[in-house]
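One file, start_3.txt, carrying compact mmCIF, C-alpha atoms:
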```txt
# COMPACT_ATOMS: atom_id res chain seq x y z
CA MET D 16 13.91 40.25 31.24
CA SER D 17 15.32 43.65 30.27
CA ASP D 18 13.91 47.08 31.06
CA PRO D 19 11.66 48.58 28.36
CA THR D 20 12.79 51.36 26.06
CA TYR D 21 10.41 54.10 24.88
CA ARG D 22 10.52 55.85 21.53
CA PRO D 23 8.46 57.24 18.65
CA LEU D 24 8.13 55.33 15.43
CA ARG D 25 10.48 56.16 12.59
CA ALA D 26 9.32 56.59 9.00
CA GLY D 27 8.14 53.28 7.57
CA GLU D 28 7.66 51.69 10.99
CA HIS D 29 3.88 51.72 11.40
CA HIS D 30 3.99 47.94 11.27
CA ARG D 31 5.77 48.01 14.63
CA TYR D 32 2.66 49.49 16.21
CA GLU D 33 0.54 46.67 14.81
CA SER D 34 2.99 44.05 16.12
CA TYR D 35 1.66 44.68 19.65
CA GLY D 36 -1.26 42.45 18.74
CA PRO D 37 -5.01 42.92 18.31
CA PRO D 38 -7.03 45.49 20.29
CA PRO D 39 -8.87 44.29 23.40
CA ALA D 40 -11.69 41.84 22.70
CA SER D 41 -13.76 43.72 25.30
CA GLY D 42 -14.08 46.70 22.95
CA VAL D 43 -12.30 49.05 25.37
CA GLY D 44 -10.30 51.62 23.44
CA VAL D 45 -11.56 50.33 20.08
CA ARG D 46 -12.53 53.05 17.63
CA SER D 47 -14.86 52.93 14.64
CA ARG D 48 -11.87 53.26 12.29
CA SER D 49 -8.86 51.05 12.80
CA PHE D 50 -5.35 52.38 13.26
CA ALA D 51 -4.41 50.99 9.84
CA GLN D 52 -7.32 52.79 8.18
CA CYS D 53 -6.34 56.05 9.86
CA VAL D 54 -2.71 55.73 8.80
CA GLY D 55 -3.82 54.97 5.25
CA GLU D 56 -5.66 58.29 5.21
CA GLY D 57 -2.61 60.23 6.37
CA GLU D 58 -3.30 60.35 10.11
CA TYR D 59 -0.97 59.44 13.00
CA PRO D 60 2.43 60.48 11.60
CA PRO D 61 5.28 58.32 12.90
CA GLY D 62 6.57 60.90 15.39
CA TRP D 63 3.15 60.96 17.09
CA VAL D 64 3.08 57.17 17.55
CA TRP D 65 5.08 55.83 20.50
CA ILE D 66 5.98 52.30 21.50
CA ALA D 67 7.56 50.56 24.46
CA GLU D 68 9.93 47.76 23.44
CA ARG D 69 11.27 44.97 25.59
CA ASP D 70 13.65 42.30 24.26
CA GLY D 71 12.74 43.29 20.71
CA ALA D 72 8.95 43.06 21.18
CA VAL D 73 6.44 45.91 21.32
CA VAL D 74 4.77 45.67 24.73
CA ALA D 75 2.86 48.99 24.88
CA ARG D 76 1.76 51.61 22.38
CA ALA D 77 0.19 55.05 22.11
CA ALA D 78 -0.97 57.17 19.16
CA PHE D 79 -1.74 60.89 19.17
CA TRP D 80 -3.96 62.80 16.73
CA ALA D 81 -4.78 66.29 15.49
CA PRO D 82 -6.77 67.66 12.54
CA PRO D 83 -4.76 68.07 9.33
CA GLY D 84 -2.36 70.98 9.31
CA HIS D 85 -1.67 71.17 13.05
CA GLU D 86 1.88 71.19 14.33
CA HIS D 87 1.14 69.47 17.63
CA PRO D 88 -1.29 66.66 18.56
CA HIS D 89 -4.63 67.46 20.20
CA THR D 90 -5.65 64.10 21.63
CA LEU D 91 -4.31 60.73 22.70
CA ASP D 92 -6.59 58.34 20.79
CA PHE D 93 -5.01 54.89 21.06
CA PHE D 94 -3.27 53.62 24.20
CA ASP D 95 -2.52 50.04 25.15
CA PRO D 96 -0.32 49.19 28.16
CA PRO D 97 1.27 45.73 28.32
CA ALA D 98 -1.27 42.93 28.23
CA HIS D 99 0.66 40.84 30.78
CA GLY D 100 3.11 41.24 33.64
CA ASP D 101 3.29 42.77 37.09
CA ASP D 102 4.57 46.10 35.74
CA ARG D 103 1.78 46.79 33.25
CA VAL D 104 0.71 50.07 34.87
CA GLU D 105 4.31 51.21 35.37
CA VAL D 106 5.33 50.53 31.76
CA GLY D 107 2.19 52.13 30.34
CA ALA D 108 2.72 55.22 32.50
CA ALA D 109 6.38 55.49 31.52
CA LEU D 110 5.44 55.34 27.85
CA LEU D 111 2.97 58.19 28.25
CA ARG D 112 5.40 60.29 30.28
CA ALA D 113 8.05 59.93 27.56
CA ALA D 114 5.61 60.77 24.77
CA TYR D 115 4.09 63.79 26.51
CA ALA D 116 7.55 65.14 27.40
CA ALA D 117 8.57 65.02 23.74
CA LEU D 118 5.31 66.20 22.13
CA VAL D 119 4.14 69.04 24.41
CA PRO D 120 6.16 72.29 24.16
CA PRO D 121 5.95 74.95 26.92
CA ASP D 122 3.61 77.16 24.84
CA TYR D 123 1.27 74.32 23.88
CA ARG D 124 -2.43 75.14 23.44
CA GLY D 125 -4.57 72.35 22.12
CA ALA D 126 -8.21 71.79 21.31
CA LEU D 127 -10.72 73.38 23.68
CA GLY D 128 -7.98 75.23 25.52
CA ASN D 129 -6.18 72.15 26.84
CA ASP D 130 -2.58 72.62 27.96
CA ARG D 131 -1.64 69.13 26.71
CA PRO D 132 -3.35 66.45 24.60
CA ASP D 133 -6.30 64.94 26.43
CA TYR D 134 -6.80 61.19 26.54
CA HIS D 135 -10.10 59.87 25.15
CA LEU D 136 -10.78 56.30 26.26
CA LEU D 137 -13.66 54.86 24.24
CA LEU D 138 -15.79 52.36 26.14
CA PRO D 139 -18.73 50.04 25.51
CA THR D 140 -22.02 51.27 26.94
CA ASP D 141 -22.01 48.48 29.55
CA TRP D 142 -18.31 48.61 30.44
CA ARG D 143 -18.91 48.72 34.20
CA GLU D 144 -21.09 45.58 34.13
CA ARG D 145 -18.66 43.38 32.19
CA PRO D 146 -15.58 42.08 34.06
CA ASP D 147 -13.40 41.97 30.94
CA ALA D 148 -14.23 45.53 29.92
CA LEU D 149 -13.92 46.82 33.48
CA ALA D 150 -10.45 45.28 33.83
CA ASP D 151 -9.25 46.64 30.47
CA ALA D 152 -10.58 50.11 31.27
CA GLU D 153 -9.15 50.21 34.79
CA LEU D 154 -5.70 49.21 33.51
CA ARG D 155 -5.62 52.10 31.03
CA LEU D 156 -7.04 54.61 33.49
CA ALA D 157 -4.54 53.58 36.16
CA ALA D 158 -1.60 53.92 33.77
CA ALA D 159 -2.79 57.31 32.54
CA GLU D 160 -3.26 58.50 36.12
CA ALA D 161 0.22 57.27 37.06
CA ALA D 162 1.55 59.31 34.12
CA GLY D 163 0.01 62.47 35.61
CA LEU D 164 -3.32 62.67 33.77
CA GLU D 165 -6.48 63.31 35.78
CA PHE D 166 -10.08 62.20 35.27
CA PHE D 167 -12.10 65.03 33.75
CA VAL D 168 -15.48 63.77 32.56
CA GLU D 169 -17.40 60.74 31.32
CA ARG D 170 -19.47 61.32 28.20
CA LEU D 171 -22.12 59.51 26.18
CA SER D 172 -21.34 58.86 22.51
CA LEU D 173 -24.36 59.24 20.22
CA ARG D 174 -24.98 58.74 16.52
CA TRP D 175 -27.65 59.79 14.04
CA THR D 176 -27.97 58.64 10.44
CA PRO D 177 -30.76 59.38 7.94
CA GLU D 178 -32.04 55.80 8.35
CA ARG D 179 -33.13 56.71 11.88
CA GLY D 180 -35.58 59.26 10.49
CA LEU D 181 -35.32 63.02 10.15
CA PRO D 182 -37.78 64.73 12.52
CA PRO D 183 -39.66 67.66 11.01
CA ARG D 184 -38.61 71.14 12.01
CA PRO D 185 -40.86 72.09 14.95
CA GLY D 186 -41.22 75.65 13.66
CA ARG D 187 -41.35 77.22 17.11
CA LEU D 188 -38.11 79.16 16.66
CA ARG D 189 -36.85 81.37 13.88
CA MET D 190 -33.36 80.15 13.00
CA THR D 191 -30.99 82.91 11.89
CA PRO D 192 -27.41 82.42 10.64
CA VAL D 193 -24.51 83.64 12.78
CA ALA D 194 -22.69 86.05 10.50
CA PRO D 195 -19.50 87.74 11.77
CA ALA D 196 -21.62 90.81 12.52
CA ASP D 197 -23.66 88.66 14.93
CA ASP D 198 -20.68 87.54 17.00
CA ALA D 199 -21.54 89.91 19.84
CA THR D 200 -25.00 88.32 20.14
CA ALA D 201 -23.49 84.83 19.96
CA VAL D 202 -20.92 85.65 22.65
CA ASP D 203 -23.64 87.08 24.89
CA LEU D 204 -25.72 83.92 24.46
CA LEU D 205 -22.76 81.65 25.17
CA ALA D 206 -21.80 83.63 28.26
CA ARG D 207 -25.32 83.29 29.64
CA LEU D 208 -25.27 79.58 28.84
CA CYS D 209 -21.89 79.02 30.49
CA ALA D 210 -23.11 80.69 33.68
CA ALA D 211 -25.54 77.81 34.24
CA SER D 212 -24.04 74.98 32.20
CA LEU D 213 -23.98 71.24 32.86
CA ASP D 214 -21.04 70.80 30.48
CA ALA D 215 -17.68 70.09 32.12
CA TYR D 216 -15.65 71.87 29.43
CA ALA D 217 -17.79 75.01 29.68
CA LEU D 218 -17.52 75.08 33.47
CA ARG D 219 -13.75 74.61 33.29
CA ASP D 220 -13.37 77.49 30.84
CA VAL D 221 -15.45 79.79 33.02
CA ARG D 222 -13.17 79.01 35.97
CA ARG D 223 -10.10 79.66 33.82
CA TYR D 224 -11.09 82.71 31.81
CA GLY D 225 -14.33 84.20 33.13
CA LEU D 226 -17.69 84.16 31.38
CA ARG D 227 -17.04 86.45 28.42
CA ASP D 228 -13.59 85.17 27.53
CA ALA D 229 -14.85 81.58 27.81
CA ALA D 230 -17.60 82.42 25.31
CA VAL D 231 -15.15 84.09 22.91
CA ARG D 232 -12.87 81.05 23.07
CA THR D 233 -15.79 78.70 22.38
CA LEU D 234 -16.59 80.51 19.14
CA ALA D 235 -12.94 80.62 18.11
CA ASP D 236 -12.31 76.95 18.90
CA THR D 237 -15.45 75.90 17.02
CA GLU D 238 -14.56 77.91 13.95
CA GLU D 239 -11.12 76.31 13.93
CA TYR D 240 -12.76 72.92 13.40
CA GLY D 241 -15.25 74.00 10.75
CA ASP D 242 -16.73 77.01 9.03
CA ARG D 243 -19.78 78.82 10.37
CA ARG D 244 -22.16 78.23 7.46
CA TRP D 245 -24.46 76.07 9.63
CA TRP D 246 -24.32 78.09 12.87
CA ARG D 247 -27.74 79.26 13.96
CA ILE D 248 -29.32 81.39 16.69
CA GLY D 249 -32.81 80.24 17.64
CA ARG D 250 -35.19 83.12 18.21
CA LEU D 251 -38.78 83.47 19.33
CA PRO D 252 -41.17 84.99 16.77
CA ASP D 253 -40.56 88.44 18.29
CA GLY D 254 -36.83 88.09 17.66
CA GLU D 255 -35.69 87.34 21.21
CA PRO D 256 -32.74 84.90 21.12
CA VAL D 257 -33.27 81.80 23.25
CA GLY D 258 -30.45 79.51 22.19
CA ILE D 259 -27.63 78.70 19.83
CA VAL D 260 -26.43 75.67 17.88
CA LEU D 261 -22.99 75.38 16.26
CA PRO D 262 -23.04 72.50 13.74
CA VAL D 263 -19.74 71.76 12.00
CA ARG D 264 -18.09 69.07 9.94
CA VAL D 265 -14.93 67.64 11.42
CA THR D 266 -12.56 65.24 9.70
CA HIS D 267 -14.84 62.24 9.20
CA PHE D 268 -18.34 63.23 10.31
CA ALA D 269 -20.70 66.06 11.14
CA THR D 270 -21.35 67.11 14.73
CA HIS D 271 -23.09 69.71 16.85
CA ALA D 272 -20.10 71.34 18.49
CA TYR D 273 -22.33 73.30 20.86
CA VAL D 274 -26.03 73.35 21.69
CA GLY D 275 -27.56 75.48 24.43
CA VAL D 276 -30.65 77.32 25.63
CA VAL D 277 -30.41 80.31 27.96
CA PRO D 278 -31.59 79.56 31.52
CA GLU D 279 -34.78 81.62 31.42
CA HIS D 280 -36.06 79.65 28.42
CA ARG D 281 -35.21 76.15 29.58
CA GLY D 282 -37.92 73.60 30.25
CA HIS D 283 -39.56 73.95 26.82
CA ARG D 284 -37.32 71.46 24.98
CA TYR D 285 -35.94 74.15 22.70
CA SER D 286 -32.65 72.22 22.59
CA GLU D 287 -34.46 69.68 20.44
CA ASP D 288 -35.48 72.41 17.98
CA LEU D 289 -31.83 73.47 17.74
CA VAL D 290 -30.47 69.96 17.16
CA ILE D 291 -33.20 69.15 14.63
CA GLU D 292 -32.30 72.33 12.74
CA GLY D 293 -28.71 71.10 12.60
CA LEU D 294 -29.82 67.71 11.30
CA HIS D 295 -31.81 69.37 8.51
CA LEU D 296 -28.82 71.50 7.53
CA PHE D 297 -26.56 68.46 7.52
CA THR D 298 -29.05 66.44 5.49
CA GLU D 299 -29.46 69.22 2.93
CA ALA D 300 -25.67 69.24 2.54
CA GLY D 301 -25.54 65.47 1.99
CA GLU D 302 -24.01 64.51 5.34
CA THR D 303 -24.81 60.89 6.19
CA LEU D 304 -23.26 60.52 9.65
CA VAL D 305 -23.73 62.79 12.66
CA GLN D 306 -21.83 61.91 15.82
CA ASP D 307 -22.49 63.84 19.00
CA ALA D 308 -21.65 63.54 22.67
CA THR D 309 -22.86 64.90 25.97
CA ASP D 310 -21.68 64.60 29.54
CA VAL D 311 -23.23 61.79 31.57
CA ALA D 312 -24.28 64.46 34.09
CA ASN D 313 -26.16 66.43 31.42
CA THR D 314 -29.31 64.33 31.61
CA PRO D 315 -31.60 66.91 29.91
CA MET D 316 -29.41 66.96 26.80
CA ALA D 317 -29.08 63.17 26.78
CA ALA D 318 -32.88 62.90 26.95
CA ALA D 319 -33.23 65.37 24.07
CA PHE D 320 -30.93 63.32 21.84
CA ASP D 321 -32.88 60.19 22.73
CA ARG D 322 -36.24 61.77 21.84
CA ILE D 323 -34.86 62.98 18.52
CA GLY D 324 -33.85 59.43 17.63
CA TYR D 325 -30.12 59.20 18.27
CA GLU D 326 -28.50 55.84 18.96
CA LEU D 327 -26.32 55.45 22.04
CA THR D 328 -23.11 53.87 20.74
CA GLY D 329 -20.83 53.93 23.77
CA ARG D 330 -19.17 56.05 26.41
CA ARG D 331 -15.86 57.79 26.71
CA ILE D 332 -13.76 58.94 29.61
CA VAL D 333 -11.69 62.05 29.08
CA MET D 334 -8.52 62.60 31.10
CA LEU D 335 -6.52 65.83 31.08
```
Translate this file's structure into structure tokens.
Amino acid sequence: MSDPTYRPLRAGEHHRYESYGPPPASGVGVRSRSFAQCVGEGEYPPGWVWIAERDGAVVARAAFWAPPGHEHPHTLDFFDPPAHGDDRVEVGAALLRAAYAALVPPDYRGALGNDRPDYHLLLPTDWRERPDALADAELRLAAAEAAGLEFFVERLSLRWTPERGLPPRPGRLRMTPVAPADDATAVDLLARLCAASLDAYALRDVRRYGLRDAAVRTLADTEEYGDRRWWRIGRLPDGEPVGIVLPVRVTHFATHAYVGVVPEHRGHRYSEDLVIEGLHLFTEAGETLVQDATDVANTPMAAAFDRIGYELTGRRIVML
């Protein structure tokens, strides 16, 4: 048996990716849209799709993604090490090392301030309780770790559709748009939120940049993914701001990019008011799918999504 070779696809070679075989039956790493669907819509250009070949067969594969118009990939979405053999972890890791070395320039800055594409491993909700899912997940995590990636956070994946029922606006807060002239207020709110956040990305940015710069970057990163027409500051009747919600539309769905209530006003479930406001804005605009996520450790936000009527669809582990 020969040593594997590692390379990106060439134009017209997307079929080579598919020749690896079907995705895991356990559901680990399986996304709502198949690789073929994504390619048909112009995603995953050949140079961002890498394969490991051995004796003419594709034994491992990886596909990177970014929103349209970006020069460099933002995330590693699909990754399958070899399904068999004693060197599965080694070959998977070598594939990732080769791909990252080719795709990440020295001045790279990706989504959410990452210094290289992060790996998002999608998982069933019960992946730790099922031996097949646990084995498939551990193989991919081990290969990614051997390639130099590190565990960052585990998140809950949540979905809302109109069929689940649109809660009425509670009416406790006055929701005001975030015009460019309001950026100073928005940055102040985000800085106060980041100081006592349960979100792993927010805490990382505070450590990297400090409170104010982390808040400025949050606004800039969010606006890069979608315009600010739905951004709202939630205020008490007297005008005091208590929280902020940044709804946007990304490539295939709507999402709340950021939701937060300042520490002194927590405990009143105002986060629900903010999310419900976003759902009303989405519904008025004809959006039919809202996908959100929150860190497993952020139990108050997870409880808020549950009370609003979101469906838990899975989990994801992010590695950086």
Could you name the residues that touch Leu188 of chain D at 6 Å or less, counting all atoms listed in the file, but leaving out those on the same chain fewer than 5 positions away, as a ChimeraX atom specification?
/D:249-251
Mind running segment 57-150 of chain D against segment 216-219 of chain D at 10 Å and telling me each contacting residue's nearest atom pair with the distance in Å (one decimal), counting all atoms listed in the file, chain and number ascending, as CSV?
```
residue,atom,partner,partner_atom,distance
D:Leu127,CA,D:Tyr216,CA,7.7
D:Gly128,CA,D:Tyr216,CA,9.2
D:Asn129,CA,D:Tyr216,CA,9.8
```
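Between Ile248 of chain D and the candidates D:Val106, D:Val168, D:Ala201, D:Ala318, the tightest atom-to-atom separation, counting all atoms listed in the file, involves D:Ala201.
The environment of Leu335 of chain D within 6 Å, counting only C-alpha atoms and disregarding residues fewer than 6 places along the same chain, consists of Asp133, Leu164 and Glu165 of chain D.
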Within 12 Å of segment 298-314 of chain D, which residues of segment 221-274 of chain D come that close, and what is the closest atom pair and distance in Å for each? Count only C-alpha atoms and give it as a tab-separated table.
```
residue	atom	partner	partner_atom	distance
D:Arg244	CA	D:Ala300	CA	10.8
D:Trp245	CA	D:Ala300	CA	9.9
D:Leu261	CA	D:Asp307	CA	11.9
D:Pro262	CA	D:Val305	CA	9.8
D:Val263	CA	D:Val305	CA	9.8
D:Arg264	CA	D:Glu302	CA	8.8
D:Val265	CA	D:Gln306	CA	10.0
D:Thr266	CA	D:Gln306	CA	11.6
D:His267	CA	D:Leu304	CA	8.6
D:Phe268	CA	D:Leu304	CA	5.7
D:Ala269	CA	D:Val305	CA	4.7
D:Thr270	CA	D:Gln306	CA	5.3
D:His271	CA	D:Asp307	CA	6.3
D:Ala272	CA	D:Asp307	CA	7.9
D:Tyr273	CA	D:Asp307	CA	9.6
D:Val274	CA	D:Thr309	CA	10.0
```
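Our summary of the geometry notes that atom CA of Arg187 of chain D is positioned 8.4 Å from atom CA of Tyr285 of chain D.
Distances from D:Val45, D:Ala116, D:Val74, D:Leu289 to Thr191 of chain D were compared using all atoms listed in the file, and the smallest one belongs to D:Leu289.
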Segment 115-169 of chain D residues near segment 98-104 of chain D within 12 Å, closest pair each, using only C-alpha atoms, as JSON lines:
```
{"residue": "D:Ala150", "atom": "CA", "partner": "D:Ala98", "partner_atom": "CA", "distance": 11.0}
{"residue": "D:Asp151", "atom": "CA", "partner": "D:Ala98", "partner_atom": "CA", "distance": 9.1}
{"residue": "D:Ala152", "atom": "CA", "partner": "D:Val104", "partner_atom": "CA", "distance": 11.9}
{"residue": "D:Glu153", "atom": "CA", "partner": "D:Val104", "partner_atom": "CA", "distance": 9.9}
{"residue": "D:Leu154", "atom": "CA", "partner": "D:Val104", "partner_atom": "CA", "distance": 6.6}
{"residue": "D:Arg155", "atom": "CA", "partner": "D:Val104", "partner_atom": "CA", "distance": 7.7}
{"residue": "D:Leu156", "atom": "CA", "partner": "D:Val104", "partner_atom": "CA", "distance": 9.1}
{"residue": "D:Ala157", "atom": "CA", "partner": "D:Val104", "partner_atom": "CA", "distance": 6.4}
{"residue": "D:Ala158", "atom": "CA", "partner": "D:Val104", "partner_atom": "CA", "distance": 4.6}
{"residue": "D:Ala159", "atom": "CA", "partner": "D:Val104", "partner_atom": "CA", "distance": 8.4}
{"residue": "D:Glu160", "atom": "CA", "partner": "D:Val104", "partner_atom": "CA", "distance": 9.4}
{"residue": "D:Ala161", "atom": "CA", "partner": "D:Val104", "partner_atom": "CA", "distance": 7.5}
{"residue": "D:Ala162", "atom": "CA", "partner": "D:Val104", "partner_atom": "CA", "distance": 9.3}
```
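What separates atom CA of Pro82 of chain D from atom CA of Thr176 of chain D is a distance of 23.1 Å.
When only C-alpha atoms are used to compute distances to Ala148 of chain D, the closest of the residues D:Pro39, D:Pro278, D:Pro23, D:Gly329 turns out to be D:Pro39.
When all atoms listed in the file are used to compute distances to Arg46 of chain D, the closest of the residues D:Asp253, D:Asp203, D:Asp92, D:Asp130 turns out to be D:Asp92.
Taking all atoms listed in the file into account, Trp175 of chain D lies nearest to D:Gly293 out of the set D:Pro146, D:Gly293, D:Pro195, D:Gly44.
Near Phe94 of chain D, within a cut-off of 10 Å and counting all atoms listed in the file, sit the residues Pro38, Gly44, Val45, Val64, Trp65, Ile66, Ala75, Arg76, Ala77, Ala78, Phe79, Gly107, Leu110, Leu111, Tyr134, His135, Leu136, Arg155, Ala158 and Ala159 of chain D, with same-chain residues fewer than 4 positions away left out.
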Can you tell me, as number ranges by chain, which residues sit within 12 Å of (-32.5, 62.4, 19.2) in the file's frame, using all atoms listed in the file?
D: 173-177, 179-182, 284, 286-294, 305-308, 315-327
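Atom CA of Leu226 of chain D sits 24.5 Å away from atom CA of Met190 of chain D.
Proximity of D:Leu149, D:Leu91, D:Leu205, D:Ala40 to Val119 of chain D, computed with all atoms listed in the file, is greatest for D:Leu91.
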